[in-house]
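**Q** Handing you this structure, nothing more for now.
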Amino acid sequence: MFLRLSLSLPALLVASTALAEDFRAAASIGAVTIYPQGAQVTREITLDLPAGAHRVLLPAPGADLWNSPPRVRAGDGTAIGALNLLSAHVSDPETVYLPQQAEALAAVEAARAALDSGRDRLAAKQAELAAAEARLAFLSSISGGALETLSPSALGETAAMIGQQTASARAEIAAARPALRALEDEIEDLQDALAQAQRDLDALSPPEGPVDMLAISVERAEPGPATLEIREFVRNAGWQPTYDLRLTRGEAPGLELARKVMLAQDTGEPWLDVDLVLSTADPFAQIDPTDPFPNRAVIRPEGRLARPALEKRAGDAMEMAEAPALAEPSPIIASGQLAADGITVTYAYPRKVSIPARGDGLILELDRFDLDPEVTLRATPRHDATAFIMAEFANTTGEPLLPGSAALYRDGTYVGAADLDMIPAGGDETVSFGAMEGIRLDWRALRTDTGDTGIVRRKDEREEALEFSVENLTAGTEEVLTLFALPFSEQEDLKIRTTTRPEPDETDYDKDRGVGAWRLTLAPGEKQTVRVDVKLNWPEDQELYWQP
């Protein structure tokens with residue numbers, strides 16, 4: 001029995017080898033999950049395969065089986081065997097073009113053929129013109145001496161013939177020249193069309209030179225369709241959020257938030273009409289807890305150096321993975337919406353996207369929201385010359401707004417950019433929309449009450465008189481939240497007495513110690529002034545550090 005098995009096994013292997021066949025297929029990327037750094041790309045192909053063992057060959061330019069091995073899954077009835085990379089397996093890269101690349105190449109060839117045809121027609125027309133000009137030159141060269149031997153009747157016929165031929169040649173020349181100029185203009189258009197077709201092909205980054213192929217060994221017990229899903233992690237890709245905030249003032253102020261993403265990839269392979277998912281997961285983040293290393297305490301005789309203990313350091317025994325694990329994306333609530341699982345956020349873009357292989361990437365708008373802002377004017381006279389327009393709003397989108405840059409527009413005019421922190425659903429945020437030039441601020445240090453001795457400065461006492469003002473130069477009444485940092489002390493020996501006229505409406509504004517807030521209502525042209533008197537006392541053996 002054993003003998004029969006040992007003999008039949010090689011026979012089976014020979015039969016399997018005899019039936020083996022290579023099947024070449026184009027495997028464009030169909031789905032992409034992009035992380036802030038890196039992306040998971042997914043390809044799917046279906047081939048009709050006969051029974052037996054075979055190899056499926058896919059273009060794999062730049063593939064690295066050691067550092068970023070693909071993960072291959074097969075449908076029912078198909079078993080996956082070995083994966084290996086066939087370097088420079090295909091000498092003619094055009095045979096492994098994607099359909100879009102093949103279509104672009106056909107457009108280049110058609111444009112080149114049209115240009116060649118136009119050049120041929122131009123050459124033919126140039127030949128016609130040259131022939132007509134040569135005939136006219138010949139007719140013009142016929143002199144009277146050449147006609148002296150002709151009889152009067154023959155001379156008349158010859159003269160008539162020369163006249164007719166001369167007129168015909170001139171007519172041909174007159175018709176050929178504008179036709180020639182039209183052809184030259186057509187040649188320029190055809191050259192532009194060829195250049196554009198070539199640029200369109202280059203934008204698709206078709207493979208050049210010999211192409212590496214990924215060989216996937218498969219086996220089927222029965223003939224039929226075999227579906228393969230190939231997933232691969234690529235590093236040269238990423239995305240980040242960005243926003244447009246458009247504030248409208250007036251009787252009914254409004255704030256429109258446009259949420260966008262900037263994304264790019266530099267893999268050398270175009271992502272054409274892919275299903276896009278954006279994820280905040282970090283494939284490069286630490287996935288294992290750090291082992292605590294021993295924390296031994298030792299004693300030694302005074303003045304004697306002990307040899308440092310060799311301690312296990314965190315990370316010494318850790319080996320970096322060749323490629324991050326390809327975690328499944330977080331569940332998506334619905335296409336075109338954010339989904340949060342408490343750790344990461346994902347967003348399924350509702351339309352297919354094409355991302356060029358190389359370049360500056362692209363910006364996609366995800367959605368827009370109308371928010372209800374509270375618009376105020378905020379002034380800091382000690383530091384600024386004008387008040388600033390502030391919009392406070394609640395995140396009523398029902399989704400977290402991720403950190404990102406924001407372009408700010410006020411009443412349709414771009415006023416600058418800002419960085420937004422994470423705004424959770426239901427959270428509040430305040431954004432400045434630039435200076436309000438019509439609200440002017442002033443600040444100055446005054447003399448003491450005597451008016452002529454200057455600021456009182458003694459070893460243990462100091463007095464300051466300060467004044468700031470807010471002036472409304474606009475045509476309407478404005479309420480200005482005015483902030484001024486009043487001095488405070490956290491030392492028992494440093495005594496501070498502060499008097500303000502008028503008193504602030506709020507102290508320790510926004511939980512900032514010592515910051516006073518005045519809500520000043522100013523009519524057009526009105527100016528209001530606040531006086532601040534400060535007296536500080538401290539022990540004689542101490543020195544004061546304070547700047548008004």
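Following the order of the structure tokens, chains are lettered A, B, ..., residues in each are numbered from 1, and ligands are numbered from 1.
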Pick out the residues sitting within 6 Å of stretch 463-467 of chain A, and hand them over as a list in words; count only C-alpha atoms, and ignore anything fewer than 2 positions along from it in its own chain.
**A**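 Returned residues: Trp443, Arg444, Ala445, Leu446, Val456, Val530, Arg531, Val532, Asp533, Val534 and Lys535 of chain A.
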**Q** Based on DSSP run over this structure's backbone, return all residues of stretch 52-201 of chain A in strand (DSSP E or B), as a list in words.
**A**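 DSSP on the backbone gives strand (DSSP E or B) at Gly52, Ala53, His54, Arg55, Val56, Leu57, Leu58, Pro59, Arg71, Val72, Arg73, Ala74, Thr78, Ala79, Ile80, Gly81, Ala82, Leu83, Asn84, Leu85, Leu86, Ser87, Ala88, His89 and Val90 of chain A.
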**Q** Based on the selection just made, write N, CA and C atoms of those residues as a CSV table (one decimal), in the first residue's frame.
**A**
```csv
chain,number,residue,atom,x,y,z
A,52,GLY,N,-7.8,22.5,-11.3
A,52,GLY,CA,-6.3,22.3,-11.2
A,52,GLY,C,-5.6,23.4,-10.6
A,53,ALA,N,-4.3,23.3,-10.6
A,53,ALA,CA,-3.5,24.3,-10.0
A,53,ALA,C,-3.0,25.3,-11.1
A,54,HIS,N,-3.0,26.6,-10.8
A,54,HIS,CA,-2.7,27.6,-11.8
A,54,HIS,C,-2.0,28.8,-11.0
A,55,ARG,N,-1.5,29.8,-11.9
A,55,ARG,CA,-1.0,31.0,-11.3
A,55,ARG,C,-1.8,32.2,-11.9
A,56,VAL,N,-2.1,33.1,-11.1
A,56,VAL,CA,-2.7,34.4,-11.5
A,56,VAL,C,-1.7,35.4,-11.4
A,57,LEU,N,-1.4,36.1,-12.5
A,57,LEU,CA,-0.3,37.1,-12.6
A,57,LEU,C,-0.9,38.5,-12.6
A,58,LEU,N,-0.5,39.3,-11.7
A,58,LEU,CA,-1.0,40.7,-11.6
A,58,LEU,C,0.1,41.7,-11.6
A,59,PRO,N,0.0,42.8,-12.3
A,59,PRO,CA,1.1,43.8,-12.3
A,59,PRO,C,1.3,44.3,-10.9
A,71,ARG,N,-2.3,40.7,1.5
A,71,ARG,CA,-3.1,39.7,2.0
A,71,ARG,C,-4.2,39.3,0.9
A,72,VAL,N,-4.2,38.0,0.6
A,72,VAL,CA,-5.1,37.5,-0.5
A,72,VAL,C,-6.1,36.7,0.1
A,73,ARG,N,-7.4,36.9,-0.3
A,73,ARG,CA,-8.5,36.1,0.1
A,73,ARG,C,-9.2,35.6,-1.2
A,74,ALA,N,-9.7,34.4,-1.1
A,74,ALA,CA,-10.3,33.7,-2.2
A,74,ALA,C,-11.8,33.4,-1.9
A,78,THR,N,-12.0,28.1,-4.2
A,78,THR,CA,-10.6,28.4,-4.6
A,78,THR,C,-9.7,28.4,-3.5
A,79,ALA,N,-8.6,27.7,-3.6
A,79,ALA,CA,-7.6,27.7,-2.5
A,79,ALA,C,-6.4,28.5,-3.0
A,80,ILE,N,-5.8,29.2,-2.0
A,80,ILE,CA,-4.6,30.1,-2.2
A,80,ILE,C,-3.4,29.3,-1.8
A,81,GLY,N,-2.4,29.4,-2.7
A,81,GLY,CA,-1.1,28.8,-2.4
A,81,GLY,C,0.0,29.9,-2.2
A,82,ALA,N,1.1,29.7,-2.8
A,82,ALA,CA,2.2,30.6,-2.6
A,82,ALA,C,2.1,31.9,-3.3
A,83,LEU,N,2.7,32.9,-2.8
A,83,LEU,CA,2.8,34.2,-3.4
A,83,LEU,C,4.3,34.5,-3.7
A,84,ASN,N,4.6,34.9,-4.9
A,84,ASN,CA,6.0,35.3,-5.2
A,84,ASN,C,6.0,36.4,-6.2
A,85,LEU,N,7.1,37.1,-6.2
A,85,LEU,CA,7.2,38.3,-7.1
A,85,LEU,C,8.1,37.9,-8.3
A,86,LEU,N,7.6,38.1,-9.5
A,86,LEU,CA,8.4,37.8,-10.7
A,86,LEU,C,9.0,39.2,-11.2
A,87,SER,N,10.2,39.4,-11.0
A,87,SER,CA,10.8,40.7,-11.4
A,87,SER,C,11.0,40.8,-12.9
A,88,ALA,N,10.6,42.0,-13.4
A,88,ALA,CA,10.7,42.2,-14.9
A,88,ALA,C,10.1,41.1,-15.7
A,89,HIS,N,9.0,40.6,-15.3
A,89,HIS,CA,8.4,39.4,-16.0
A,89,HIS,C,7.8,39.8,-17.3
A,90,VAL,N,7.3,41.0,-17.4
A,90,VAL,CA,6.6,41.5,-18.6
A,90,VAL,C,7.5,42.6,-19.3
```
**Q** Using only C-alpha atoms, which of the listed residues (A:Pro270, A:Thr344, A:Arg199, A:Ser28) sits closest to A:Pro283?
**A**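 Going through A:Pro270, A:Thr344, A:Arg199, A:Ser28 one by one, the smallest distance to A:Pro283 is for A:Thr344.
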**Q** Excluding A:Ile34 and residues on its chain fewer than 6 positions from it, collect all residues at most 12 Å away from it, counting only C-alpha atoms, and give them as a ChimeraX atom specification.
**A** /A:40-42,232-240,261-265,271,274-283,326,329,345-349,355
**Q** Record the distance separating atom CA of A:Asp384 and atom CA of A:Asn472, expressed in Å with one decimal.
**A** 14.9 Å
**Q** How many Å separate atom CA of A:Glu479 from atom CA of A:Ala523?
**A**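 Computing it gives 8.8 Å between the two atoms.
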**Q** Any idea what's packed within 7 Å of A:Gly476, counting only C-alpha atoms, ignoring anything in its chain fewer than 2 positions away? Could you give it as a list in words?
**A**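 Once the adjacent positions are removed, what remains is Thr474, Glu478, Ala523 and Pro524 of chain A.
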**Q** Rounded to one decimal in Å, what is the spacing between atom CA of A:Asp266 and atom CA of A:Ser68?
**A** 15.8 Å
**Q** I want to know what sits within 12 Å of A:Pro178, based on only C-alpha atoms, with residues of the same chain fewer than 6 positions away left out; could you give that as a list in words?
**A**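 The residues that qualify are Leu122, Lys125, Gln126, Leu129, Ala171, Glu172, Glu184 and Asp185 of chain A.
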**Q** Compile the contact shell of A:Glu492 as a PyMOL selection string: residues with an atom at most 12 Å away, counting only C-alpha atoms, same-chain residues fewer than 5 positions apart removed.
**A** chain A and resi 537-539
**Q** So that I can see what lies close to A:Leu441, please list as a list in words the residues with an atom at most 10 Å from it, counting only C-alpha atoms and leaving out residues fewer than 2 positions away in the same chain.
**A**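 Skipping anything fewer than 2 positions along the chain leaves Ala379, Thr380, Pro381, Arg382, His383, Asp384, Ala385, Thr386, Ala387, Glu437, Gly438, Ile439, Trp443, Phe468, Ser469, Val470, Glu471, Asn472, Thr482, Lys527, Gln528 and Thr529 of chain A.
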**Q** How would you write, as a ChimeraX atom specification, the set of residues in stretch 172-386 of chain A that DSSP gives as alpha helix (DSSP H)?
**A** /A:172-203
**Q** Go ahead and write the selection's residues with N, CA and C atoms as a JSON list (two decimals), in the first residue's frame.
**A**
```
[["chain", "number", "residue", "atom", "x", "y", "z"],
["A", 172, "GLU", "N", -4.39, 78.37, -59.42],
["A", 172, "GLU", "CA", -4.01, 77.29, -58.51],
["A", 172, "GLU", "C", -3.17, 77.83, -57.34],
["A", 173, "ILE", "N", -2.27, 78.75, -57.65],
["A", 173, "ILE", "CA", -1.44, 79.34, -56.58],
["A", 173, "ILE", "C", -2.30, 80.13, -55.62],
["A", 174, "ALA", "N", -3.25, 80.92, -56.18],
["A", 174, "ALA", "CA", -4.11, 81.72, -55.33],
["A", 174, "ALA", "C", -4.98, 80.85, -54.42],
["A", 175, "ALA", "N", -5.41, 79.69, -54.91],
["A", 175, "ALA", "CA", -6.24, 78.80, -54.09],
["A", 175, "ALA", "C", -5.40, 78.00, -53.10],
["A", 176, "ALA", "N", -4.18, 77.67, -53.46],
["A", 176, "ALA", "CA", -3.35, 76.81, -52.62],
["A", 176, "ALA", "C", -2.83, 77.55, -51.38],
["A", 177, "ARG", "N", -2.53, 78.81, -51.51],
["A", 177, "ARG", "CA", -1.92, 79.53, -50.39],
["A", 177, "ARG", "C", -2.84, 79.63, -49.17],
["A", 178, "PRO", "N", -4.11, 80.04, -49.31],
["A", 178, "PRO", "CA", -4.97, 80.04, -48.11],
["A", 178, "PRO", "C", -5.24, 78.63, -47.59],
["A", 179, "ALA", "N", -5.36, 77.66, -48.50],
["A", 179, "ALA", "CA", -5.55, 76.28, -48.05],
["A", 179, "ALA", "C", -4.33, 75.81, -47.27],
["A", 180, "LEU", "N", -3.15, 76.26, -47.72],
["A", 180, "LEU", "CA", -1.92, 75.89, -47.02],
["A", 180, "LEU", "C", -1.89, 76.52, -45.61],
["A", 181, "ARG", "N", -2.31, 77.78, -45.51],
["A", 181, "ARG", "CA", -2.34, 78.41, -44.19],
["A", 181, "ARG", "C", -3.34, 77.72, -43.26],
["A", 182, "ALA", "N", -4.49, 77.31, -43.80],
["A", 182, "ALA", "CA", -5.48, 76.60, -42.99],
["A", 182, "ALA", "C", -4.94, 75.26, -42.51],
["A", 183, "LEU", "N", -4.19, 74.58, -43.37],
["A", 183, "LEU", "CA", -3.58, 73.32, -42.96],
["A", 183, "LEU", "C", -2.53, 73.53, -41.88],
["A", 184, "GLU", "N", -1.76, 74.61, -42.00],
["A", 184, "GLU", "CA", -0.75, 74.90, -40.98],
["A", 184, "GLU", "C", -1.41, 75.17, -39.62],
["A", 185, "ASP", "N", -2.55, 75.90, -39.64],
["A", 185, "ASP", "CA", -3.29, 76.13, -38.40],
["A", 185, "ASP", "C", -3.84, 74.81, -37.84],
["A", 186, "GLU", "N", -4.32, 73.95, -38.74],
["A", 186, "GLU", "CA", -4.84, 72.66, -38.31],
["A", 186, "GLU", "C", -3.73, 71.81, -37.69],
["A", 187, "ILE", "N", -2.52, 71.89, -38.26],
["A", 187, "ILE", "CA", -1.38, 71.14, -37.72],
["A", 187, "ILE", "C", -1.09, 71.60, -36.29],
["A", 188, "GLU", "N", -1.14, 72.91, -36.04],
["A", 188, "GLU", "CA", -0.91, 73.42, -34.69],
["A", 188, "GLU", "C", -1.95, 72.87, -33.71],
["A", 189, "ASP", "N", -3.23, 72.84, -34.15],
["A", 189, "ASP", "CA", -4.28, 72.29, -33.28],
["A", 189, "ASP", "C", -4.05, 70.81, -33.02],
["A", 190, "LEU", "N", -3.64, 70.08, -34.05],
["A", 190, "LEU", "CA", -3.40, 68.65, -33.89],
["A", 190, "LEU", "C", -2.20, 68.40, -32.97],
["A", 191, "GLN", "N", -1.19, 69.25, -33.05],
["A", 191, "GLN", "CA", -0.05, 69.13, -32.14],
["A", 191, "GLN", "C", -0.48, 69.38, -30.69],
["A", 192, "ASP", "N", -1.34, 70.38, -30.49],
["A", 192, "ASP", "CA", -1.85, 70.65, -29.14],
["A", 192, "ASP", "C", -2.68, 69.47, -28.64],
["A", 193, "ALA", "N", -3.49, 68.88, -29.53],
["A", 193, "ALA", "CA", -4.32, 67.75, -29.12],
["A", 193, "ALA", "C", -3.45, 66.55, -28.74],
["A", 194, "LEU", "N", -2.38, 66.33, -29.47],
["A", 194, "LEU", "CA", -1.47, 65.23, -29.14],
["A", 194, "LEU", "C", -0.78, 65.49, -27.81],
["A", 195, "ALA", "N", -0.34, 66.73, -27.59],
["A", 195, "ALA", "CA", 0.33, 67.06, -26.32],
["A", 195, "ALA", "C", -0.63, 66.86, -25.15],
["A", 196, "GLN", "N", -1.91, 67.26, -25.31],
["A", 196, "GLN", "CA", -2.89, 67.09, -24.24],
["A", 196, "GLN", "C", -3.17, 65.61, -23.99],
["A", 197, "ALA", "N", -3.30, 64.83, -25.06],
["A", 197, "ALA", "CA", -3.52, 63.39, -24.90],
["A", 197, "ALA", "C", -2.36, 62.73, -24.18],
["A", 198, "GLN", "N", -1.13, 63.18, -24.49],
["A", 198, "GLN", "CA", 0.03, 62.62, -23.82],
["A", 198, "GLN", "C", 0.04, 63.01, -22.34],
["A", 199, "ARG", "N", -0.36, 64.25, -22.04],
["A", 199, "ARG", "CA", -0.44, 64.66, -20.64],
["A", 199, "ARG", "C", -1.49, 63.85, -19.89],
["A", 200, "ASP", "N", -2.63, 63.60, -20.56],
["A", 200, "ASP", "CA", -3.67, 62.79, -19.92],
["A", 200, "ASP", "C", -3.17, 61.37, -19.64],
["A", 201, "LEU", "N", -2.40, 60.82, -20.55],
["A", 201, "LEU", "CA", -1.84, 59.48, -20.33],
["A", 201, "LEU", "C", -0.81, 59.51, -19.20],
["A", 202, "ASP", "N", 0.05, 60.52, -19.20],
["A", 202, "ASP", "CA", 1.07, 60.61, -18.14],
["A", 202, "ASP", "C", 0.42, 60.77, -16.77],
["A", 203, "ALA", "N", -0.73, 61.48, -16.71],
["A", 203, "ALA", "CA", -1.41, 61.67, -15.43],
["A", 203, "ALA", "C", -1.90, 60.35, -14.84]]
```
**Q** Calculated over only C-alpha atoms, which of the candidates A:Leu105, A:Val375, A:Ala425, A:Ala226 has the smallest distance to A:Gly250?
**A**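 Closest to A:Gly250, using only C-alpha atoms: A:Val375.
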